[in-house]
Amino acid sequence: MKKFIVLLTNFVEKMPWWVIAIVIILSAAAVPGVLLLETDSSLNTLVSPDSPVYQDTQRYQEKFGDDPVTIILNGNVQDIFSSANLYQLSRFEQEFSASHECYIISPVTLLNQAVTQALAAQQTMQAQLEQALKDAAQAAIQQAAAAGLDEAAQQQAAQQAQAAVMQQFQSAIEQFEQIGTPSLDNPNFIAAVLYNSDGNINESFASIIPDDTHALIIVTPTGDTSNGKSLELSHDLQDYFSDNPLQNVTASFVGYALVTEDISNSMSSNLLILLGLAVVVMVIVLFFLFRVRWRLLSLLVVGIGTLWTFGVMGYVPIPITMATMAVLPILIGLGIDYPIQFHNRYQEELSRNHSVGRAVAVSFGSMAPAVGVALLATVIGFATLYISDVPMIKDFGIILVIGVVICYIVALFFLYSVVYLGDKKMPVAKLSRISVTGGTRIERGLAKMTGAAVKRPLLAVILAVALGVGGGIADRWLPVNADYQQLIPQNLPALKQVRNLNEILGIGGQITLMVEADDISGVATLTQLQEFQTREMSLHPELISVNSPVTLVTQSTGGVIPPQEQIDQVLAATPAPFLRQVLSGDGTTAAMSFYTSYITLDETQQLLESIEADSLELTGITVSPVGTVAMSVATIDSVIGSRMLMNGLCLAAIFIMLLLLYRRPVRALFIAVSVGLVIAWASLLLFIFNIPLNPLTAILGVITAAIGTEFMVLLDSRYEEEKALGEPPHQAMLTAAAKMGRAIVTTGVTTLGGFAVLIASNFVMVRDFGIATVIGIFLCLVSTMLVMPPLMVWWDERMALRRAKKAAK
């Protein structure tokens, strides 16, 4: 290993320009990859494609189409249903249905159905009237003939009988005459259809005319239901109504694709803001805390590493999600650690060796392995994120692993090449003065603080363990927030429209169930489903209404399940757009939708679990939760389910790695215990500050373990180095805390800055993650400087005392 390090050192010293040239070439190659980056803000980033709810939702969308786009018509009902607007809406429905793969439910759809029914009713009445007149005349003539009346009397009797028939039909005839010809051009007919005798909207129109100032058009995409197609459909709808506006009526558009578009746009702007803030924070920290020559070189190094990382993301490809978006400032904060550590040791060796070449060789040889061990611990920590059930967390872990490795490599070769070329012609005495004067106040402060903890190891350990126990208890009470709508920016126009629609409809959400059976529209199946949905509505007051094949059939049959022949007639008479809402095109699958009042996602999870449990009692029927709400609920299990497992595996992997490298169990154990305490402390502070667990904050344990281990490994490496030079444990730790502590605190503050930048994000999930990680990293610094040192010194002094006693014997 030492020979390999020497070989690398010689390469940097002899061919620094080659290193710089290679870095420039690779940076240029990374740029096209960055331009290939795409955003993914769909729910697919929160739920594994292998999960049952994801696969069931895909099957459901194949059967019933994607999430619909709802057009809210805002205006007075009289204006909405004016002849001019009805003509325009009728033309829209015809043209748009012909040019797009979708089915449309609108007021025109219902009105056309009413026209058809009214015309049929008129024809039926006319036929009945004609038949009644004919039958009455024949009966009257027969009776008159039987009575021996002449032909004139018979005709008079027939006319009287027909007059009586006309009297019976008079009210119906007057009603039809008053309404006029059933047509969308007839205002009297429209009014008669829309309103009941009390002047309120007819119940049959209530689903798309929720009040006097709104009407709804529901456009459901079919065929290719990818998000790109749904978004294209949404834009086409917006363009259509922009080019063909209604009179005195405005149109608003609500759809999942529009929400994801707004999220993607917000991600792009967020990235630029986070990048700018991260750079500003790094410049400030480096300028005030890292008092060395070329102090901003570390920022250039991490900038190159970040460019390469995002280039890899574009080429692989790995999309920008709500999680991977946070990689940018995090990687800047984490990646700058390596050049700072290398640069700090170079400056220290420069004052000792009075030779640029020697300073490069010694610092390279001592820091490459030490920082490499710290890097390995960080990589192991981030790699455990891959066991998460949340796809974007897996991507987050992969990108962080790639990013920190790249930043380490760039820092190791590029930084040393630049400082070697930049300093080799400078007077060594001047360079030495710069290195000696930089940061002495910080070093003295760190040595004093660590020394106080080392003198009182028992107090430090008791306090640390007590807080750790408190954190372990508080962890059970941490709230959970996996609601997709609450994790994204709350000021998105599309999200506001979603909430506006729910307010108009008087609902908080919708639980969708996919129902499968051999005979989905059979009497036995519908009877069971009617009993099931009636029971659920009575058991759960938060359920407002339900829509299913049962409600479709029973609306026409007085609330009862009729014989099969009548069921088939009802389904055959139902317009296709309405039928497709509850019954798939192939007639094998049904949709049942429960509309709920506003309830939290936790309450929704409990409700859904109860409904699923009750559905198991159905015979020959399979009920599967699908859709946005079901996938959001599944995220709760993904967030909570693997959290403790990831934390445990991360700590175990770090301990095993340190044990294999150090071959000293106690040394590895003290680092692992110190890191574990940080995880527990972080839970305590999350509870105190009421920061909920979400897909990102749930991985706080892994993040703090990876970063904390890095800090502790670096301090421990310097501590062992000082002991090897002959210093006793107490003094060795003070020296390590002073010399290495300055770099650790500087990197800790830069890492804090990188994560703190996330607090400025308007993504709630990212913002909460920023707050949580700032807490976690601060605790890592506390544990590194105040908990691990007392443990290490106490043990080493005890072992030294034991060895001294054995030697005395």
# chains A, B, ... in the order shown; residues from 1 in each chain; ligands from 1
call {"tool": "residues_around", "arguments": {"residues": "Val465 of chain A", "least_positions_apart": "3", "cutoff": "12 Å", "atoms": "only C-alpha atoms", "output": "VMD selection string"}}
result
chain A and resid 458 to 462 468 to 472 673 to 681 783 787
call {"tool": "write_last_selection", "arguments": {"atoms": "N, CA, C and O atoms", "output": "compact mmCIF listing (two decimals), in the first residue's frame"}}
result
# COMPACT_ATOMS: atom_id res chain seq x y z
N LEU A 458 -16.08 10.39 32.69
CA LEU A 458 -17.30 9.78 33.23
C LEU A 458 -18.50 10.70 33.03
O LEU A 458 -19.59 10.24 32.62
N LEU A 459 -18.32 11.99 33.31
CA LEU A 459 -19.41 12.95 33.13
C LEU A 459 -19.84 13.01 31.68
O LEU A 459 -21.05 13.02 31.36
N ALA A 460 -18.85 13.06 30.77
CA ALA A 460 -19.17 13.14 29.34
C ALA A 460 -19.95 11.92 28.87
O ALA A 460 -20.94 12.03 28.14
N VAL A 461 -19.52 10.74 29.34
CA VAL A 461 -20.18 9.50 28.90
C VAL A 461 -21.58 9.39 29.49
O VAL A 461 -22.54 9.02 28.79
N ILE A 462 -21.75 9.69 30.77
CA ILE A 462 -23.07 9.60 31.41
C ILE A 462 -24.06 10.53 30.72
O ILE A 462 -25.20 10.14 30.42
N GLY A 468 -28.88 9.85 24.85
CA GLY A 468 -29.14 8.80 23.87
C GLY A 468 -30.37 7.98 24.21
O GLY A 468 -31.19 7.66 23.34
N VAL A 469 -30.52 7.63 25.49
CA VAL A 469 -31.71 6.88 25.93
C VAL A 469 -32.97 7.71 25.70
O VAL A 469 -34.00 7.22 25.22
N GLY A 470 -32.88 9.00 26.03
CA GLY A 470 -34.03 9.88 25.79
C GLY A 470 -34.39 9.95 24.32
O GLY A 470 -35.57 9.94 23.95
N GLY A 471 -33.38 9.97 23.47
CA GLY A 471 -33.64 9.99 22.04
C GLY A 471 -34.27 8.70 21.55
O GLY A 471 -35.17 8.73 20.70
N GLY A 472 -33.82 7.58 22.10
CA GLY A 472 -34.41 6.30 21.71
C GLY A 472 -35.89 6.22 22.07
O GLY A 472 -36.70 5.66 21.32
N VAL A 673 -20.08 3.41 18.67
CA VAL A 673 -20.95 3.84 19.77
C VAL A 673 -21.15 5.35 19.72
O VAL A 673 -22.27 5.85 19.90
N SER A 674 -20.07 6.09 19.48
CA SER A 674 -20.19 7.55 19.40
C SER A 674 -21.12 7.96 18.26
O SER A 674 -21.91 8.91 18.40
N VAL A 675 -21.05 7.26 17.14
CA VAL A 675 -21.93 7.54 16.01
C VAL A 675 -23.37 7.18 16.35
O VAL A 675 -24.31 7.92 16.05
N GLY A 676 -23.56 6.02 17.00
CA GLY A 676 -24.90 5.59 17.38
C GLY A 676 -25.57 6.58 18.33
O GLY A 676 -26.78 6.83 18.24
N LEU A 677 -24.79 7.16 19.24
CA LEU A 677 -25.34 8.16 20.15
C LEU A 677 -25.83 9.39 19.38
O LEU A 677 -26.86 9.98 19.74
N VAL A 678 -25.10 9.76 18.34
CA VAL A 678 -25.52 10.91 17.52
C VAL A 678 -26.89 10.66 16.91
O VAL A 678 -27.76 11.54 16.90
N ILE A 679 -27.12 9.45 16.41
CA ILE A 679 -28.41 9.10 15.82
C ILE A 679 -29.53 9.25 16.85
O ILE A 679 -30.60 9.80 16.56
N ALA A 680 -29.28 8.78 18.08
CA ALA A 680 -30.29 8.88 19.13
C ALA A 680 -30.51 10.34 19.54
O ALA A 680 -31.66 10.77 19.72
N TRP A 681 -29.43 11.11 19.66
CA TRP A 681 -29.59 12.53 20.01
C TRP A 681 -30.42 13.25 18.95
O TRP A 681 -31.26 14.09 19.27
N SER A 783 -20.08 15.12 19.13
CA SER A 783 -19.64 13.78 19.53
C SER A 783 -18.17 13.55 19.17
O SER A 783 -17.42 12.93 19.93
N VAL A 787 -17.15 13.47 22.89
CA VAL A 787 -17.54 12.14 23.38
C VAL A 787 -16.49 11.08 23.05
O VAL A 787 -16.04 10.34 23.93
call {"tool": "select_by_dssp", "arguments": {"residues": "segment 145-257 of chain A", "states": "alpha helix (DSSP H)", "output": "short mmCIF file (atom, residue, chain, number, x, y, z; two decimals) with N, CA, C and O atoms, in the first residue's frame"}}
result
data_model
loop_
_atom_site.label_atom_id
_atom_site.label_comp_id
_atom_site.auth_asym_id
_atom_site.auth_seq_id
_atom_site.Cartn_x
_atom_site.Cartn_y
_atom_site.Cartn_z
N ALA A 145 -122.24 -0.31 -31.52
CA ALA A 145 -122.82 -1.27 -32.46
C ALA A 145 -123.59 -2.34 -31.72
O ALA A 145 -124.67 -2.75 -32.15
N ALA A 146 -123.03 -2.78 -30.60
CA ALA A 146 -123.70 -3.81 -29.81
C ALA A 146 -125.01 -3.28 -29.25
O ALA A 146 -125.98 -4.03 -29.05
N GLU A 151 -124.48 4.31 -37.47
CA GLU A 151 -123.07 4.62 -37.72
C GLU A 151 -122.69 6.00 -37.22
O GLU A 151 -121.59 6.22 -36.68
N ALA A 152 -123.61 6.95 -37.35
CA ALA A 152 -123.31 8.32 -36.87
C ALA A 152 -123.14 8.32 -35.36
O ALA A 152 -122.24 8.99 -34.81
N ALA A 153 -123.99 7.58 -34.68
CA ALA A 153 -123.88 7.51 -33.21
C ALA A 153 -122.60 6.80 -32.81
O ALA A 153 -121.96 7.15 -31.80
N GLN A 154 -122.26 5.78 -33.62
CA GLN A 154 -121.00 5.07 -33.33
C GLN A 154 -119.80 6.01 -33.45
O GLN A 154 -118.89 6.00 -32.62
N GLN A 155 -119.76 6.85 -34.49
CA GLN A 155 -118.66 7.79 -34.68
C GLN A 155 -118.61 8.83 -33.57
O GLN A 155 -117.55 9.23 -33.09
N GLN A 156 -119.83 9.24 -33.12
CA GLN A 156 -119.88 10.21 -32.02
C GLN A 156 -119.32 9.59 -30.74
O GLN A 156 -118.60 10.25 -29.98
N ALA A 157 -119.66 8.30 -30.50
CA ALA A 157 -119.13 7.60 -29.31
C ALA A 157 -117.62 7.48 -29.39
O ALA A 157 -116.90 7.63 -28.37
N ALA A 158 -117.14 7.20 -30.61
CA ALA A 158 -115.68 7.08 -30.78
C ALA A 158 -115.00 8.40 -30.49
O ALA A 158 -113.94 8.46 -29.85
N GLN A 159 -115.60 9.52 -30.97
CA GLN A 159 -115.00 10.83 -30.71
C GLN A 159 -115.00 11.16 -29.23
O GLN A 159 -114.02 11.74 -28.71
N GLN A 160 -116.07 10.80 -28.52
CA GLN A 160 -116.12 11.06 -27.08
C GLN A 160 -115.06 10.25 -26.34
O GLN A 160 -114.41 10.75 -25.40
N ALA A 161 -114.88 9.02 -26.76
CA ALA A 161 -113.88 8.16 -26.12
C ALA A 161 -112.47 8.71 -26.36
O ALA A 161 -111.62 8.73 -25.45
N GLN A 162 -112.23 9.17 -27.58
CA GLN A 162 -110.90 9.73 -27.89
C GLN A 162 -110.67 11.04 -27.14
O GLN A 162 -109.54 11.35 -26.73
N ALA A 163 -111.73 11.82 -26.94
CA ALA A 163 -111.60 13.05 -26.16
C ALA A 163 -111.22 12.74 -24.72
O ALA A 163 -110.41 13.46 -24.10
N ALA A 164 -111.78 11.65 -24.19
CA ALA A 164 -111.43 11.24 -22.82
C ALA A 164 -109.96 10.83 -22.74
O ALA A 164 -109.26 11.12 -21.76
N VAL A 165 -109.49 10.14 -23.78
CA VAL A 165 -108.07 9.74 -23.82
C VAL A 165 -107.18 10.97 -23.89
O VAL A 165 -106.16 11.07 -23.19
N MET A 166 -107.57 11.93 -24.73
CA MET A 166 -106.78 13.15 -24.85
C MET A 166 -106.72 13.89 -23.51
O MET A 166 -105.69 14.50 -23.16
N GLN A 167 -107.84 13.82 -22.74
CA GLN A 167 -107.86 14.47 -21.43
C GLN A 167 -106.85 13.80 -20.49
O GLN A 167 -106.19 14.48 -19.70
N GLN A 168 -106.75 12.46 -20.60
CA GLN A 168 -105.78 11.74 -19.76
C GLN A 168 -104.33 12.14 -20.09
O GLN A 168 -103.49 12.22 -19.22
N PHE A 169 -104.08 12.36 -21.36
CA PHE A 169 -102.72 12.70 -21.80
C PHE A 169 -102.45 14.21 -21.80
O PHE A 169 -101.36 14.64 -22.16
N GLN A 170 -103.47 15.01 -21.42
CA GLN A 170 -103.38 16.45 -21.57
C GLN A 170 -102.20 17.06 -20.81
O GLN A 170 -101.46 17.88 -21.34
N SER A 171 -102.00 16.63 -19.55
CA SER A 171 -100.93 17.23 -18.74
C SER A 171 -99.55 16.95 -19.34
O SER A 171 -98.67 17.82 -19.39
N ALA A 172 -99.36 15.72 -19.82
CA ALA A 172 -98.08 15.36 -20.43
C ALA A 172 -97.87 16.15 -21.73
O ALA A 172 -96.75 16.62 -22.01
N ILE A 173 -98.99 16.30 -22.50
CA ILE A 173 -98.87 17.04 -23.76
C ILE A 173 -98.52 18.50 -23.49
O ILE A 173 -97.65 19.08 -24.15
N GLU A 174 -99.19 19.09 -22.48
CA GLU A 174 -98.92 20.48 -22.15
C GLU A 174 -97.47 20.67 -21.67
O GLU A 174 -96.83 21.67 -21.99
N GLN A 175 -97.00 19.68 -20.90
CA GLN A 175 -95.61 19.77 -20.41
C GLN A 175 -94.63 19.75 -21.56
O GLN A 175 -93.68 20.56 -21.61
N PHE A 176 -94.84 18.84 -22.50
CA PHE A 176 -93.95 18.77 -23.67
C PHE A 176 -94.04 20.04 -24.51
O PHE A 176 -93.04 20.54 -25.02
N GLU A 177 -95.28 20.56 -24.65
CA GLU A 177 -95.44 21.78 -25.44
C GLU A 177 -94.78 22.98 -24.77
O GLU A 177 -94.22 23.85 -25.42
N GLN A 178 -94.88 23.00 -23.41
CA GLN A 178 -94.27 24.10 -22.66
C GLN A 178 -92.74 24.06 -22.77
O GLN A 178 -92.10 25.09 -22.91
N ILE A 179 -92.18 22.86 -22.69
CA ILE A 179 -90.73 22.71 -22.78
C ILE A 179 -90.25 22.95 -24.20
O ILE A 179 -89.20 23.58 -24.42
N PRO A 187 -83.70 26.90 -24.57
CA PRO A 187 -83.45 27.27 -23.16
C PRO A 187 -84.49 26.69 -22.21
O PRO A 187 -84.16 26.35 -21.07
N ASN A 188 -85.76 26.60 -22.66
CA ASN A 188 -86.79 26.04 -21.80
C ASN A 188 -86.50 24.58 -21.47
O ASN A 188 -86.68 24.13 -20.33
N PHE A 189 -86.06 23.87 -22.48
CA PHE A 189 -85.72 22.46 -22.25
C PHE A 189 -84.53 22.34 -21.30
O PHE A 189 -84.53 21.52 -20.38
N ILE A 190 -83.49 23.17 -21.51
CA ILE A 190 -82.30 23.13 -20.66
C ILE A 190 -82.68 23.40 -19.21
O ILE A 190 -82.24 22.69 -18.30
N ALA A 191 -83.52 24.41 -18.98
CA ALA A 191 -83.93 24.74 -17.61
C ALA A 191 -84.72 23.61 -16.98
O ALA A 191 -84.55 23.30 -15.80
N ALA A 192 -85.62 23.00 -17.77
CA ALA A 192 -86.43 21.92 -17.23
C ALA A 192 -85.58 20.72 -16.84
O ALA A 192 -85.89 20.01 -15.87
N VAL A 193 -84.52 20.49 -17.58
CA VAL A 193 -83.64 19.35 -17.29
C VAL A 193 -82.73 19.64 -16.10
O VAL A 193 -82.50 18.78 -15.25
N LEU A 194 -82.20 20.88 -16.03
CA LEU A 194 -81.22 21.22 -15.00
C LEU A 194 -81.83 21.31 -13.61
O LEU A 194 -81.20 20.91 -12.62
N ASN A 227 -46.86 9.93 -18.37
CA ASN A 227 -47.03 11.29 -17.88
C ASN A 227 -46.86 12.31 -19.01
O ASN A 227 -47.50 13.35 -19.04
N GLY A 228 -45.99 11.98 -19.98
CA GLY A 228 -45.80 12.89 -21.10
C GLY A 228 -47.08 13.06 -21.91
O GLY A 228 -47.42 14.17 -22.31
N LYS A 229 -47.80 11.95 -22.15
CA LYS A 229 -49.05 12.02 -22.91
C LYS A 229 -50.12 12.75 -22.12
O LYS A 229 -50.90 13.54 -22.68
N SER A 230 -50.19 12.50 -20.81
CA SER A 230 -51.18 13.18 -19.98
C SER A 230 -50.92 14.68 -19.94
O SER A 230 -51.86 15.49 -20.00
N LEU A 231 -49.65 15.05 -19.88
CA LEU A 231 -49.31 16.46 -19.86
C LEU A 231 -49.64 17.10 -21.21
O LEU A 231 -50.14 18.24 -21.27
N GLU A 232 -49.37 16.38 -22.29
CA GLU A 232 -49.69 16.89 -23.62
C GLU A 232 -51.20 17.11 -23.76
O GLU A 232 -51.64 18.13 -24.31
N LEU A 233 -51.97 16.17 -23.22
CA LEU A 233 -53.43 16.31 -23.24
C LEU A 233 -53.85 17.55 -22.45
O LEU A 233 -54.72 18.32 -22.89
N SER A 234 -53.24 17.74 -21.28
CA SER A 234 -53.57 18.91 -20.44
C SER A 234 -53.28 20.21 -21.17
O SER A 234 -54.09 21.15 -21.15
N HIS A 235 -52.14 20.27 -21.83
CA HIS A 235 -51.78 21.48 -22.57
C HIS A 235 -52.72 21.71 -23.75
O HIS A 235 -53.08 22.86 -24.06
N ASP A 236 -53.11 20.63 -24.42
CA ASP A 236 -54.04 20.77 -25.54
C ASP A 236 -55.39 21.30 -25.07
O ASP A 236 -56.02 22.11 -25.77
N LEU A 237 -55.82 20.86 -23.90
CA LEU A 237 -57.07 21.37 -23.34
C LEU A 237 -56.96 22.86 -23.03
O LEU A 237 -57.86 23.65 -23.35
N GLN A 238 -55.85 23.24 -22.43
CA GLN A 238 -55.64 24.66 -22.11
C GLN A 238 -55.61 25.50 -23.39
O GLN A 238 -56.21 26.58 -23.45
N ASP A 239 -54.93 24.98 -24.40
CA ASP A 239 -54.84 25.71 -25.67
C ASP A 239 -56.22 25.84 -26.33
O ASP A 239 -56.55 26.89 -26.89
N TYR A 240 -57.01 24.77 -26.25
CA TYR A 240 -58.32 24.79 -26.90
C TYR A 240 -59.20 25.88 -26.30
O TYR A 240 -59.82 26.68 -27.02
N PHE A 241 -59.27 25.91 -24.97
CA PHE A 241 -60.15 26.89 -24.33
C PHE A 241 -59.57 28.30 -24.38
O PHE A 241 -60.29 29.27 -24.24
N SER A 242 -58.25 28.38 -24.56
CA SER A 242 -57.64 29.70 -24.77
C SER A 242 -58.01 30.24 -26.15
O SER A 242 -58.29 31.44 -26.31
N ASP A 243 -58.03 29.36 -27.16
CA ASP A 243 -58.37 29.76 -28.53
C ASP A 243 -59.88 29.88 -28.73
O ASP A 243 -60.33 30.59 -29.64
N TYR A 256 -53.18 15.75 -12.33
CA TYR A 256 -51.94 15.29 -11.72
C TYR A 256 -50.74 15.65 -12.59
O TYR A 256 -49.68 16.05 -12.09
N ALA A 257 -50.91 15.56 -13.92
CA ALA A 257 -49.81 15.89 -14.82
C ALA A 257 -49.42 17.36 -14.70
O ALA A 257 -48.24 17.71 -14.79
#
call {"tool": "residues_around", "arguments": {"residues": "Ala630 of chain A", "least_positions_apart": "2", "cutoff": "12 Å", "atoms": "only C-alpha atoms", "output": "ChimeraX atom specification"}}
result
/A:43,46-47,51-57,482-484,509-514,593,601-602,604-609,612,624-628,632-637
call {"tool": "write_last_selection", "arguments": {"atoms": "N, CA, C and O atoms", "output": "short mmCIF file (atom, residue, chain, number, x, y, z; two decimals), in the first residue's frame"}}
result
data_model
loop_
_atom_site.label_atom_id
_atom_site.label_comp_id
_atom_site.auth_asym_id
_atom_site.auth_seq_id
_atom_site.Cartn_x
_atom_site.Cartn_y
_atom_site.Cartn_z
N LEU A 43 -45.27 10.28 -8.54
CA LEU A 43 -45.34 9.43 -7.34
C LEU A 43 -44.51 8.17 -7.50
O LEU A 43 -44.20 7.50 -6.52
N LEU A 46 -41.63 7.67 -5.25
CA LEU A 46 -41.85 7.37 -3.84
C LEU A 46 -42.21 5.91 -3.60
O LEU A 46 -42.10 5.43 -2.47
N VAL A 47 -42.67 5.22 -4.64
CA VAL A 47 -43.15 3.84 -4.48
C VAL A 47 -42.39 2.93 -5.42
O VAL A 47 -42.24 3.23 -6.61
N SER A 51 -43.68 -3.00 -5.89
CA SER A 51 -44.69 -3.06 -4.82
C SER A 51 -46.05 -3.40 -5.41
O SER A 51 -46.37 -3.02 -6.54
N PRO A 52 -46.89 -4.11 -4.65
CA PRO A 52 -48.23 -4.47 -5.16
C PRO A 52 -49.07 -3.26 -5.53
O PRO A 52 -49.77 -3.28 -6.54
N VAL A 53 -49.01 -2.18 -4.73
CA VAL A 53 -49.86 -1.02 -5.01
C VAL A 53 -49.44 -0.35 -6.31
O VAL A 53 -50.30 0.14 -7.07
N TYR A 54 -48.16 -0.34 -6.62
CA TYR A 54 -47.69 0.24 -7.88
C TYR A 54 -48.19 -0.59 -9.05
O TYR A 54 -48.73 -0.05 -10.04
N GLN A 55 -48.03 -1.90 -8.97
CA GLN A 55 -48.43 -2.77 -10.06
C GLN A 55 -49.95 -2.78 -10.24
O GLN A 55 -50.45 -2.79 -11.37
N ASP A 56 -50.70 -2.75 -9.12
CA ASP A 56 -52.15 -2.69 -9.21
C ASP A 56 -52.60 -1.38 -9.86
O ASP A 56 -53.54 -1.36 -10.66
N THR A 57 -51.92 -0.29 -9.51
CA THR A 57 -52.27 1.01 -10.09
C THR A 57 -52.00 1.02 -11.59
O THR A 57 -52.79 1.58 -12.38
N ALA A 482 -45.90 11.67 4.95
CA ALA A 482 -45.60 11.10 3.64
C ALA A 482 -46.64 11.52 2.61
O ALA A 482 -46.71 10.96 1.53
N ASP A 483 -47.47 12.52 2.98
CA ASP A 483 -48.50 13.01 2.06
C ASP A 483 -47.83 13.77 0.93
O ASP A 483 -47.19 14.80 1.15
N TYR A 484 -47.99 13.26 -0.28
CA TYR A 484 -47.32 13.84 -1.45
C TYR A 484 -47.63 15.33 -1.60
O TYR A 484 -46.75 16.14 -1.88
N GLY A 509 -60.67 14.13 -0.16
CA GLY A 509 -59.86 13.23 -0.97
C GLY A 509 -60.71 12.10 -1.53
O GLY A 509 -61.93 12.05 -1.35
N GLN A 510 -60.04 11.18 -2.19
CA GLN A 510 -60.72 10.07 -2.84
C GLN A 510 -59.91 8.80 -2.67
O GLN A 510 -58.72 8.78 -2.97
N ILE A 511 -60.57 7.76 -2.19
CA ILE A 511 -59.95 6.43 -2.08
C ILE A 511 -60.51 5.57 -3.21
O ILE A 511 -61.73 5.38 -3.30
N THR A 512 -59.63 5.10 -4.06
CA THR A 512 -60.05 4.31 -5.22
C THR A 512 -59.68 2.85 -5.02
O THR A 512 -58.56 2.53 -4.64
N LEU A 513 -60.65 1.98 -5.28
CA LEU A 513 -60.44 0.54 -5.17
C LEU A 513 -60.68 -0.11 -6.53
O LEU A 513 -61.64 0.23 -7.23
N MET A 514 -59.81 -1.03 -6.91
CA MET A 514 -60.01 -1.83 -8.11
C MET A 514 -60.64 -3.15 -7.68
O MET A 514 -60.09 -3.86 -6.83
N SER A 593 -65.05 4.09 -5.86
CA SER A 593 -64.39 5.27 -5.31
C SER A 593 -65.16 5.79 -4.12
O SER A 593 -66.35 6.10 -4.23
N LEU A 601 -53.10 11.88 6.43
CA LEU A 601 -52.67 10.67 5.74
C LEU A 601 -52.61 9.49 6.70
O LEU A 601 -52.90 8.35 6.31
N ASP A 602 -52.25 9.74 7.96
CA ASP A 602 -52.26 8.67 8.95
C ASP A 602 -53.67 8.11 9.12
O ASP A 602 -53.88 6.89 9.20
N THR A 604 -56.03 8.35 6.91
CA THR A 604 -56.36 7.69 5.64
C THR A 604 -55.79 6.28 5.62
O THR A 604 -56.44 5.34 5.13
N GLN A 605 -54.57 6.12 6.14
CA GLN A 605 -53.96 4.79 6.19
C GLN A 605 -54.80 3.84 7.04
O GLN A 605 -55.08 2.70 6.64
N GLN A 606 -55.24 4.30 8.19
CA GLN A 606 -56.06 3.47 9.07
C GLN A 606 -57.39 3.12 8.39
O GLN A 606 -57.86 1.98 8.49
N LEU A 607 -57.99 4.11 7.73
CA LEU A 607 -59.25 3.88 7.02
C LEU A 607 -59.07 2.85 5.92
O LEU A 607 -59.87 1.92 5.77
N LEU A 608 -58.00 3.00 5.14
CA LEU A 608 -57.75 2.09 4.03
C LEU A 608 -57.48 0.68 4.53
O LEU A 608 -57.95 -0.31 3.93
N GLU A 609 -56.73 0.56 5.61
CA GLU A 609 -56.46 -0.76 6.19
C GLU A 609 -57.75 -1.43 6.66
O GLU A 609 -57.93 -2.63 6.49
N GLU A 612 -59.70 -2.53 3.53
CA GLU A 612 -59.06 -3.73 2.96
C GLU A 612 -59.38 -4.97 3.78
O GLU A 612 -59.66 -6.04 3.23
N SER A 624 -58.46 -4.16 -4.46
CA SER A 624 -57.08 -3.66 -4.35
C SER A 624 -57.08 -2.14 -4.34
O SER A 624 -57.65 -1.52 -5.24
N PRO A 625 -56.46 -1.51 -3.33
CA PRO A 625 -56.34 -0.04 -3.33
C PRO A 625 -55.41 0.41 -4.45
O PRO A 625 -54.35 -0.19 -4.67
N VAL A 626 -55.79 1.44 -5.15
CA VAL A 626 -54.97 1.96 -6.27
C VAL A 626 -55.01 3.48 -6.25
O VAL A 626 -55.79 4.10 -5.52
N GLY A 627 -54.16 4.08 -7.07
CA GLY A 627 -54.20 5.51 -7.26
C GLY A 627 -53.28 6.28 -6.34
O GLY A 627 -52.48 5.73 -5.57
N THR A 628 -53.39 7.60 -6.41
CA THR A 628 -52.49 8.51 -5.72
C THR A 628 -52.53 8.31 -4.21
O THR A 628 -51.49 8.25 -3.56
N SER A 632 -49.51 7.03 -1.79
CA SER A 632 -49.02 7.88 -0.70
C SER A 632 -49.03 7.13 0.62
O SER A 632 -48.10 7.24 1.42
N VAL A 633 -50.09 6.36 0.85
CA VAL A 633 -50.17 5.56 2.07
C VAL A 633 -49.06 4.52 2.10
O VAL A 633 -48.45 4.27 3.15
N ALA A 634 -48.78 3.92 0.94
CA ALA A 634 -47.70 2.92 0.87
C ALA A 634 -46.35 3.53 1.22
O ALA A 634 -45.46 2.85 1.73
N THR A 635 -46.21 4.84 0.95
CA THR A 635 -44.95 5.52 1.25
C THR A 635 -44.69 5.54 2.75
O THR A 635 -43.54 5.53 3.19
N ILE A 636 -45.76 5.62 3.56
CA ILE A 636 -45.58 5.61 5.02
C ILE A 636 -44.84 4.36 5.44
O ILE A 636 -43.87 4.40 6.22
N ASP A 637 -45.29 3.21 4.93
CA ASP A 637 -44.64 1.95 5.27
C ASP A 637 -43.20 1.92 4.75
O ASP A 637 -42.30 1.39 5.40
#
call {"tool": "closest_residue", "arguments": {"among": "A:Val582, A:Leu400, A:Ala206, A:Val419", "to": "Arg295 of chain A", "atoms": "only C-alpha atoms"}}
result
A:Val419
call {"tool": "select_by_dssp", "arguments": {"residues": "segment 314-512 of chain A", "states": "strand (DSSP E or B)", "output": "list in words"}}
result
Ile320, Val480, Gly509, Gln510, Ile511 and Thr512 of chain A
call {"tool": "closest_atom_pairs", "arguments": {"of": "segment 444-483 of chain A", "to": "segment 690-706 of chain A", "cutoff": "8 Å", "atoms": "only C-alpha atoms", "output": "tab-separated table"}}
result
residue	atom	partner	partner_atom	distance
A:Leu478	CA	A:Pro692	CA	6.2
A:Pro479	CA	A:Pro692	CA	4.7
A:Val480	CA	A:Leu693	CA	4.6
A:Asn481	CA	A:Asn694	CA	5.2
A:Ala482	CA	A:Asn694	CA	5.5
